[in-house]
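S.K.: If it helps, the file is called structure-v9.cif and holds mmCIF, C-alpha atoms; chains and numbers go by the auth columns:
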```
data_data
loop_
_atom_site.group_PDB
_atom_site.id
_atom_site.type_symbol
_atom_site.label_atom_id
_atom_site.label_comp_id
_atom_site.label_asym_id
_atom_site.label_seq_id
_atom_site.Cartn_x
_atom_site.Cartn_y
_atom_site.Cartn_z
_atom_site.B_iso_or_equiv
_atom_site.auth_seq_id
_atom_site.auth_asym_id
ATOM 1 C CA MET A 1 -5.470 61.180 18.039 0.00 774 S
ATOM 2 C CA PRO A 2 -6.593 60.021 14.578 0.00 775 S
ATOM 3 C CA LYS A 3 -8.714 56.912 14.259 0.00 776 S
ATOM 4 C CA ASP A 4 -7.341 54.096 12.163 0.00 777 S
ATOM 5 C CA ASN A 5 -10.354 51.918 11.593 0.00 778 S
ATOM 6 C CA ILE A 6 -11.309 50.586 8.168 0.00 779 S
ATOM 7 C CA ILE A 7 -13.975 53.214 7.495 0.00 780 S
ATOM 8 C CA ASP A 8 -11.556 56.073 8.152 0.00 781 S
ATOM 9 C CA LYS A 9 -8.885 54.440 5.981 0.00 782 S
ATOM 10 C CA PHE A 10 -11.443 53.972 3.221 0.00 783 S
ATOM 11 C CA GLY A 11 -12.395 57.647 3.516 0.00 784 S
ATOM 12 C CA ARG A 12 -8.765 58.668 2.980 0.00 785 S
ATOM 13 C CA LEU A 13 -8.417 56.656 -0.241 0.00 786 S
ATOM 14 C CA PRO A 14 -8.431 58.564 -3.539 0.00 787 S
ATOM 15 C CA PHE A 15 -11.824 58.724 -5.255 0.00 788 S
ATOM 16 C CA GLY A 16 -10.735 56.387 -8.066 0.00 789 S
ATOM 17 C CA MET A 17 -9.606 53.760 -5.597 0.00 790 S
ATOM 18 C CA LYS A 18 -12.943 54.002 -3.784 0.00 791 S
ATOM 19 C CA LEU A 19 -14.729 53.334 -7.078 0.00 792 S
ATOM 20 C CA VAL A 20 -12.504 50.335 -7.767 0.00 793 S
ATOM 21 C CA SER A 21 -13.028 48.951 -4.267 0.00 794 S
ATOM 22 C CA VAL A 22 -16.802 49.301 -4.302 0.00 795 S
ATOM 23 C CA GLY A 23 -17.123 48.149 -7.912 0.00 796 S
ATOM 24 C CA SER A 24 -14.982 45.056 -7.466 0.00 797 S
ATOM 25 C CA PHE A 25 -16.867 44.148 -4.285 0.00 798 S
ATOM 26 C CA ILE A 26 -20.235 44.523 -6.038 0.00 799 S
ATOM 27 C CA THR A 27 -19.032 42.457 -8.996 0.00 800 S
ATOM 28 C CA PHE A 28 -17.618 39.757 -6.719 0.00 801 S
ATOM 29 C CA VAL A 29 -20.856 39.453 -4.722 0.00 802 S
ATOM 30 C CA SER A 30 -23.068 39.543 -7.820 0.00 803 S
ATOM 31 C CA VAL A 31 -21.970 36.107 -9.058 0.00 804 S
ATOM 32 C CA PHE A 32 -23.742 34.533 -6.079 0.00 805 S
ATOM 33 C CA LEU A 33 -27.062 36.196 -6.999 0.00 806 S
ATOM 34 C CA PRO A 34 -29.581 35.294 -9.750 0.00 807 S
ATOM 35 C CA TRP A 35 -28.492 36.411 -13.213 0.00 808 S
ATOM 36 C CA TYR A 36 -31.047 34.999 -15.615 0.00 809 S
ATOM 37 C CA ALA A 37 -34.521 33.505 -15.663 0.00 810 S
ATOM 38 C CA ASP A 38 -36.918 32.369 -18.360 0.00 811 S
ATOM 39 C CA LEU A 39 -39.817 31.099 -16.282 0.00 812 S
ATOM 40 C CA ASP A 40 -43.286 31.040 -17.802 0.00 813 S
ATOM 41 C CA THR A 41 -46.640 31.438 -16.048 0.00 814 S
ATOM 42 C CA PHE A 42 -46.542 27.769 -15.009 0.00 815 S
ATOM 43 C CA ASN A 43 -43.149 28.341 -13.343 0.00 816 S
ATOM 44 C CA THR A 44 -41.356 26.047 -15.777 0.00 817 S
ATOM 45 C CA GLY A 45 -38.077 27.029 -17.336 0.00 818 S
ATOM 46 C CA ASP A 46 -34.604 27.875 -16.109 0.00 819 S
ATOM 47 C CA LYS A 47 -33.132 30.219 -13.521 0.00 820 S
ATOM 48 C CA PHE A 48 -29.360 30.613 -13.099 0.00 821 S
ATOM 49 C CA ILE A 49 -27.024 32.359 -10.676 0.00 822 S
ATOM 50 C CA GLY A 50 -23.691 33.688 -11.908 0.00 823 S
ATOM 51 C CA LEU A 51 -21.796 30.572 -10.858 0.00 824 S
ATOM 52 C CA GLY A 52 -24.446 28.136 -12.065 0.00 825 S
ATOM 53 C CA GLY A 53 -25.892 26.954 -15.311 0.00 826 S
ATOM 54 C CA PRO A 54 -24.173 26.435 -18.648 0.00 827 S
ATOM 55 C CA LEU A 55 -22.073 29.616 -18.368 0.00 828 S
ATOM 56 C CA TYR A 56 -20.632 28.937 -14.927 0.00 829 S
ATOM 57 C CA LEU A 57 -17.058 29.285 -16.229 0.00 830 S
ATOM 58 C CA LEU A 58 -17.704 32.860 -17.333 0.00 831 S
ATOM 59 C CA GLY A 59 -19.160 33.589 -13.904 0.00 832 S
ATOM 60 C CA PHE A 60 -16.105 32.046 -12.274 0.00 833 S
ATOM 61 C CA LEU A 61 -13.765 34.163 -14.433 0.00 834 S
ATOM 62 C CA ILE A 62 -15.697 37.322 -13.544 0.00 835 S
ATOM 63 C CA MET A 63 -15.497 36.391 -9.851 0.00 836 S
ATOM 64 C CA ALA A 64 -11.755 35.663 -10.093 0.00 837 S
ATOM 65 C CA ILE A 65 -10.771 38.911 -11.798 0.00 838 S
ATOM 66 C CA ALA A 66 -13.042 40.960 -9.541 0.00 839 S
ATOM 67 C CA GLY A 67 -11.453 39.150 -6.593 0.00 840 S
ATOM 68 C CA THR A 68 -7.955 40.137 -7.698 0.00 841 S
ATOM 69 C CA ALA A 69 -8.992 43.797 -7.917 0.00 842 S
ATOM 70 C CA LEU A 70 -10.643 43.471 -4.512 0.00 843 S
ATOM 71 C CA ILE A 71 -7.457 41.972 -3.027 0.00 844 S
ATOM 72 C CA LEU A 72 -5.351 44.804 -4.452 0.00 845 S
ATOM 73 C CA SER A 73 -7.805 47.301 -2.981 0.00 846 S
ATOM 74 C CA ALA A 74 -7.545 45.537 0.380 0.00 847 S
ATOM 75 C CA PHE A 75 -3.746 45.751 0.215 0.00 848 S
ATOM 76 C CA ARG A 76 -3.989 49.490 -0.359 0.00 849 S
ATOM 77 C CA LEU A 77 -6.680 49.901 2.311 0.00 850 S
ATOM 78 C CA LEU A 78 -4.650 48.043 4.945 0.00 851 S
ATOM 79 C CA GLY A 79 -1.433 49.852 4.035 0.00 852 S
ATOM 80 C CA LYS A 80 0.382 46.699 2.939 0.00 853 S
ATOM 81 C CA LYS A 81 3.009 46.578 0.223 0.00 854 S
ATOM 82 C CA LEU A 82 1.381 45.907 -3.147 0.00 855 S
ATOM 83 C CA PRO A 83 2.518 42.790 -5.005 0.00 856 S
ATOM 84 C CA GLN A 84 4.625 43.311 -8.112 0.00 857 S
ATOM 85 C CA LEU A 85 2.415 43.509 -11.202 0.00 858 S
ATOM 86 C CA PRO A 86 3.610 43.342 -14.812 0.00 859 S
ATOM 87 C CA LEU A 87 1.736 46.605 -15.485 0.00 860 S
ATOM 88 C CA GLU A 88 0.726 49.713 -13.585 0.00 861 S
ATOM 89 C CA GLU A 89 -2.049 49.387 -11.027 0.00 862 S
ATOM 90 C CA ALA A 90 -4.348 51.785 -12.893 0.00 863 S
ATOM 91 C CA HIS A 91 -3.918 49.804 -16.109 0.00 864 S
ATOM 92 C CA PHE A 92 -4.646 46.601 -14.215 0.00 865 S
ATOM 93 C CA HIS A 93 -7.926 48.009 -12.910 0.00 866 S
ATOM 94 C CA ILE A 94 -8.878 49.182 -16.411 0.00 867 S
ATOM 95 C CA PHE A 95 -8.160 45.656 -17.657 0.00 868 S
ATOM 96 C CA VAL A 96 -10.296 44.151 -14.869 0.00 869 S
ATOM 97 C CA GLY A 97 -13.230 46.452 -15.620 0.00 870 S
ATOM 98 C CA ALA A 98 -13.011 45.964 -19.383 0.00 871 S
ATOM 99 C CA MET A 99 -12.647 42.182 -19.123 0.00 872 S
ATOM 100 C CA SER A 100 -15.564 41.947 -16.685 0.00 873 S
ATOM 101 C CA MET A 101 -17.715 44.033 -19.012 0.00 874 S
ATOM 102 C CA PHE A 102 -16.665 41.929 -22.015 0.00 875 S
ATOM 103 C CA LEU A 103 -17.479 38.651 -20.249 0.00 876 S
ATOM 104 C CA LEU A 104 -20.833 40.029 -19.070 0.00 877 S
ATOM 105 C CA ILE A 105 -21.734 41.069 -22.612 0.00 878 S
ATOM 106 C CA ILE A 106 -20.853 37.583 -23.869 0.00 879 S
ATOM 107 C CA THR A 107 -22.934 36.026 -21.093 0.00 880 S
ATOM 108 C CA SER A 108 -25.970 38.186 -21.770 0.00 881 S
ATOM 109 C CA SER A 109 -25.705 37.682 -25.541 0.00 882 S
ATOM 110 C CA ILE A 110 -25.853 33.913 -25.024 0.00 883 S
ATOM 111 C CA TYR A 111 -28.624 34.012 -22.436 0.00 884 S
ATOM 112 C CA PHE A 112 -30.804 36.310 -24.529 0.00 885 S
ATOM 113 C CA HIS A 113 -30.255 34.583 -27.866 0.00 886 S
ATOM 114 C CA SER A 114 -33.511 33.308 -29.316 0.00 887 S
ATOM 115 C CA LYS A 115 -32.254 29.702 -29.499 0.00 888 S
ATOM 116 C CA PHE A 116 -31.208 29.567 -25.836 0.00 889 S
ATOM 117 C CA GLY A 117 -33.571 28.559 -23.083 0.00 890 S
ATOM 118 C CA VAL A 118 -37.058 27.175 -22.823 0.00 891 S
ATOM 119 C CA ASN A 119 -39.197 30.268 -23.418 0.00 892 S
ATOM 120 C CA ILE A 120 -38.177 32.704 -26.104 0.00 893 S
ATOM 121 C CA THR A 121 -40.478 35.486 -24.914 0.00 894 S
ATOM 122 C CA MET A 122 -40.168 35.430 -21.096 0.00 895 S
ATOM 123 C CA LYS A 123 -36.415 35.981 -20.632 0.00 896 S
ATOM 124 C CA GLU A 124 -35.399 38.238 -17.749 0.00 897 S
ATOM 125 C CA MET A 125 -32.122 39.733 -16.638 0.00 898 S
ATOM 126 C CA ARG A 126 -32.062 39.299 -12.874 0.00 899 S
ATOM 127 C CA PHE A 127 -30.665 41.541 -10.133 0.00 900 S
ATOM 128 C CA GLY A 128 -27.273 39.803 -9.963 0.00 901 S
ATOM 129 C CA MET A 129 -26.384 40.527 -13.577 0.00 902 S
ATOM 130 C CA ILE A 130 -27.494 44.144 -13.233 0.00 903 S
ATOM 131 C CA MET A 131 -25.250 44.409 -10.159 0.00 904 S
ATOM 132 C CA ALA A 132 -22.370 42.840 -12.110 0.00 905 S
ATOM 133 C CA PHE A 133 -22.736 45.378 -14.920 0.00 906 S
ATOM 134 C CA ALA A 134 -22.871 48.238 -12.386 0.00 907 S
ATOM 135 C CA GLY A 135 -19.820 46.937 -10.501 0.00 908 S
ATOM 136 C CA ALA A 136 -17.804 46.447 -13.698 0.00 909 S
ATOM 137 C CA ALA A 137 -18.739 49.967 -14.814 0.00 910 S
ATOM 138 C CA LEU A 138 -17.536 51.393 -11.484 0.00 911 S
ATOM 139 C CA VAL A 139 -14.219 49.569 -11.802 0.00 912 S
ATOM 140 C CA LEU A 140 -13.878 50.764 -15.394 0.00 913 S
ATOM 141 C CA LEU A 141 -14.546 54.377 -14.395 0.00 914 S
#
```
Re-express the file's structure as structure tokens.

M.R.:
Amino acid sequence: MPKDNIIDKFGRLPFGMKLVSVGSFITFVSVFLPWYADLDTFNTGDKFIGLGGPLYLLGFLIMAIAGTALILSAFRLLGKKLPQLPLEEAHFHIFVGAMSMFLLIITSSIYFHSKFGVNITMKEMRFGMIMAFAGAALVLL
């Protein structure tokens, strides 16, 4: 008698769908983690999560498109009928990965511009943004 728990269903998914599922989950979670910091030795400066700071709308867009890919993956994982999309599912996932990567590049180019922030020499990319780039790359693969 075959088991039908979530882990077994995930194991039966095609490799590409596993990448999309894991990548969209990582990208979705990453917006709640620290993305950027420019704190000096006196601990003054700014620190932002993906959904905070001046670029919160870009973080929200990244979360929303990663969430849609995650929902489609959940539909496939649970064996539900997929909603009607105006394009093929594979093309949708390529769009999600490319758009996430594009928005992350815009975000990092603003954060690491020399005229942004308090300290121009102590800027750091935090773990959340690294996770977002990794998740978007997995979805894009």

S.K.: Between S:Ile838, S:Leu831, S:Val869, S:Leu845, single out the one closest to Phe801 in chain S, counting all atoms listed in the file.

M.R.: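 Going through S:Ile838, S:Leu831, S:Val869, S:Leu845 one by one, the smallest distance to Phe801 in chain S is for S:Ile838.
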
S.K.: Identify which of the residues S:Lys888, S:His864, S:Lys854, S:Arg849 lies closest to Pro787 in chain S, counting only C-alpha atoms when measuring atom-to-atom distances.

M.R.: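 Of the candidates, the smallest distance to Pro787 in chain S is held by S:Arg849.
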
S.K.: At a cut-off of 7 Å, using all atoms listed in the file, what residues contact Phe805 in chain S? Leave out same-chain residues fewer than 4 positions from it and give the result as a ChimeraX atom specification.

M.R.: /S:822-824

S.K.: Build an axis-aligned box that encloses every atom of range 777-796 of chain S listed in the file, pad it by 8 Å on each side, and report its centre and edge lengths in Å to one decimal, as lines of an AutoDock Vina configuration file.

M.R.:
```
center_x = -12.2
center_y = 53.4
center_z = 2.0
size_x = 25.8
size_y = 26.6
size_z = 36.2
```

S.K.: For Leu913 in chain S, which residue out of S:Met898, S:Leu830, S:Leu786, S:Ala871 is the nearest one, using only C-alpha atoms?

M.R.: S:Ala871

S.K.: What do you get, as a PyMOL selection string, if you spell out every residue that the PyMOL selection byres ((chain S and resi 880-883) around 9) selects here?

M.R.: chain S and resi 809+828+831-832+875-879+884-889+898+902

S.K.: Given the choices S:Phe821, S:Phe868, S:Trp808, S:Phe848, which gets closest to Ser794 in chain S if the distance is worked out from only C-alpha atoms?

M.R.: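 For Ser794 in chain S, the nearest of the given residues is S:Phe848.
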
S.K.: CA of Asp813 in chain S and CA of Phe833 in chain S are how many Å apart?

M.R.: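 It comes out at 27.8 Å.
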
S.K.: I need the residue nearest Met874 in chain S from this list: S:Gly825, S:Gly852, S:Gly796, S:Pro859. Use only C-alpha atoms for the distance.

M.R.: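 Nearest candidate to Met874 in chain S out of S:Gly825, S:Gly852, S:Gly796, S:Pro859: S:Gly796.
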
S.K.: Record the distance separating CA of Gly818 in chain S and CA of Thr800 in chain S, expressed in Å with one decimal.

M.R.: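 For CA of Gly818 in chain S relative to CA of Thr800 in chain S, the distance reads 25.9 Å.
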
S.K.: Enter the distance from CA of Phe798 in chain S to CA of Ser846 in chain S, in Å, rounded to one decimal.

M.R.: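 One can read the CA of Phe798 in chain S to CA of Ser846 in chain S distance as 9.7 Å.
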
S.K.: Applied to this file, what does the PyMOL selection byres ((chain S and resi 912) around 9) return in terms of residues, put as a ChimeraX atom specification?

M.R.: /S:789-790,792-797,839,842,866-867,869-871,907-911,913-914

S.K.: From the list S:Val804, S:Leu834, S:Thr814, S:Tyr829, which residue is nearest Phe906 in chain S when using only C-alpha atoms?

M.R.: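 With only C-alpha atoms as the atom set, the closest residue is S:Val804.
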
S.K.: Would you mind completing range 803-831 of chain S so that it carries N, CA and C atoms, and writing it out as a tab-separated table (two decimals), in the frame of the given file?

M.R.:
```
chain	number	residue	atom	x	y	z
S	803	SER	N	-21.98	39.75	-6.86
S	803	SER	CA	-23.07	39.54	-7.82
S	803	SER	C	-23.10	38.14	-8.41
S	804	VAL	N	-21.96	37.45	-8.45
S	804	VAL	CA	-21.97	36.11	-9.06
S	804	VAL	C	-22.70	35.09	-8.19
S	805	PHE	N	-23.00	35.43	-6.96
S	805	PHE	CA	-23.74	34.53	-6.08
S	805	PHE	C	-25.24	34.82	-6.11
S	806	LEU	N	-25.66	35.79	-6.90
S	806	LEU	CA	-27.06	36.20	-7.00
S	806	LEU	C	-27.64	35.74	-8.34
S	807	PRO	N	-28.97	35.71	-8.49
S	807	PRO	CA	-29.58	35.29	-9.75
S	807	PRO	C	-29.23	36.24	-10.90
S	808	TRP	N	-28.86	35.64	-12.04
S	808	TRP	CA	-28.49	36.41	-13.21
S	808	TRP	C	-29.53	36.35	-14.31
S	809	TYR	N	-30.20	35.21	-14.45
S	809	TYR	CA	-31.05	35.00	-15.62
S	809	TYR	C	-32.21	34.10	-15.24
S	810	ALA	N	-33.36	34.37	-15.85
S	810	ALA	CA	-34.52	33.51	-15.66
S	810	ALA	C	-35.37	33.55	-16.92
S	811	ASP	N	-35.92	32.40	-17.30
S	811	ASP	CA	-36.92	32.37	-18.36
S	811	ASP	C	-38.06	31.45	-17.93
S	812	LEU	N	-38.70	31.85	-16.84
S	812	LEU	CA	-39.82	31.10	-16.28
S	812	LEU	C	-41.12	31.59	-16.90
S	813	ASP	N	-41.99	30.65	-17.26
S	813	ASP	CA	-43.29	31.04	-17.80
S	813	ASP	C	-44.33	31.12	-16.69
S	814	THR	N	-45.58	31.28	-17.05
S	814	THR	CA	-46.64	31.44	-16.05
S	814	THR	C	-46.86	30.17	-15.23
S	815	PHE	N	-46.42	29.03	-15.74
S	815	PHE	CA	-46.54	27.77	-15.01
S	815	PHE	C	-45.30	27.46	-14.18
S	816	ASN	N	-44.39	28.44	-14.11
S	816	ASN	CA	-43.15	28.34	-13.34
S	816	ASN	C	-42.24	27.22	-13.86
S	817	THR	N	-42.29	26.98	-15.16
S	817	THR	CA	-41.36	26.05	-15.78
S	817	THR	C	-40.34	26.85	-16.57
S	818	GLY	N	-39.16	26.35	-16.64
S	818	GLY	CA	-38.08	27.03	-17.34
S	818	GLY	C	-36.79	26.94	-16.53
S	819	ASP	N	-35.92	27.88	-16.75
S	819	ASP	CA	-34.60	27.88	-16.11
S	819	ASP	C	-34.36	29.17	-15.37
S	820	LYS	N	-33.58	29.06	-14.28
S	820	LYS	CA	-33.13	30.22	-13.52
S	820	LYS	C	-31.70	29.92	-13.11
S	821	PHE	N	-30.78	30.85	-13.38
S	821	PHE	CA	-29.36	30.61	-13.10
S	821	PHE	C	-28.78	31.74	-12.25
S	822	ILE	N	-27.85	31.36	-11.35
S	822	ILE	CA	-27.02	32.36	-10.68
S	822	ILE	C	-25.76	32.52	-11.51
S	823	GLY	N	-24.90	33.43	-11.14
S	823	GLY	CA	-23.69	33.69	-11.91
S	823	GLY	C	-22.74	32.51	-11.96
S	824	LEU	N	-22.70	31.72	-10.90
S	824	LEU	CA	-21.80	30.57	-10.86
S	824	LEU	C	-22.50	29.27	-11.20
S	825	GLY	N	-23.71	29.34	-11.72
S	825	GLY	CA	-24.45	28.14	-12.06
S	825	GLY	C	-24.87	28.15	-13.52
S	826	GLY	N	-25.38	27.05	-13.96
S	826	GLY	CA	-25.89	26.95	-15.31
S	826	GLY	C	-24.80	26.67	-16.32
S	827	PRO	N	-25.13	26.79	-17.60
S	827	PRO	CA	-24.17	26.44	-18.65
S	827	PRO	C	-23.01	27.42	-18.78
S	828	LEU	N	-23.14	28.61	-18.24
S	828	LEU	CA	-22.07	29.62	-18.37
S	828	LEU	C	-21.37	29.85	-17.04
S	829	TYR	N	-21.25	28.79	-16.24
S	829	TYR	CA	-20.63	28.94	-14.93
S	829	TYR	C	-19.17	29.34	-15.02
S	830	LEU	N	-18.47	28.92	-16.10
S	830	LEU	CA	-17.06	29.28	-16.23
S	830	LEU	C	-16.88	30.79	-16.43
S	831	LEU	N	-17.79	31.40	-17.17
S	831	LEU	CA	-17.70	32.86	-17.33
S	831	LEU	C	-17.96	33.56	-16.00
```
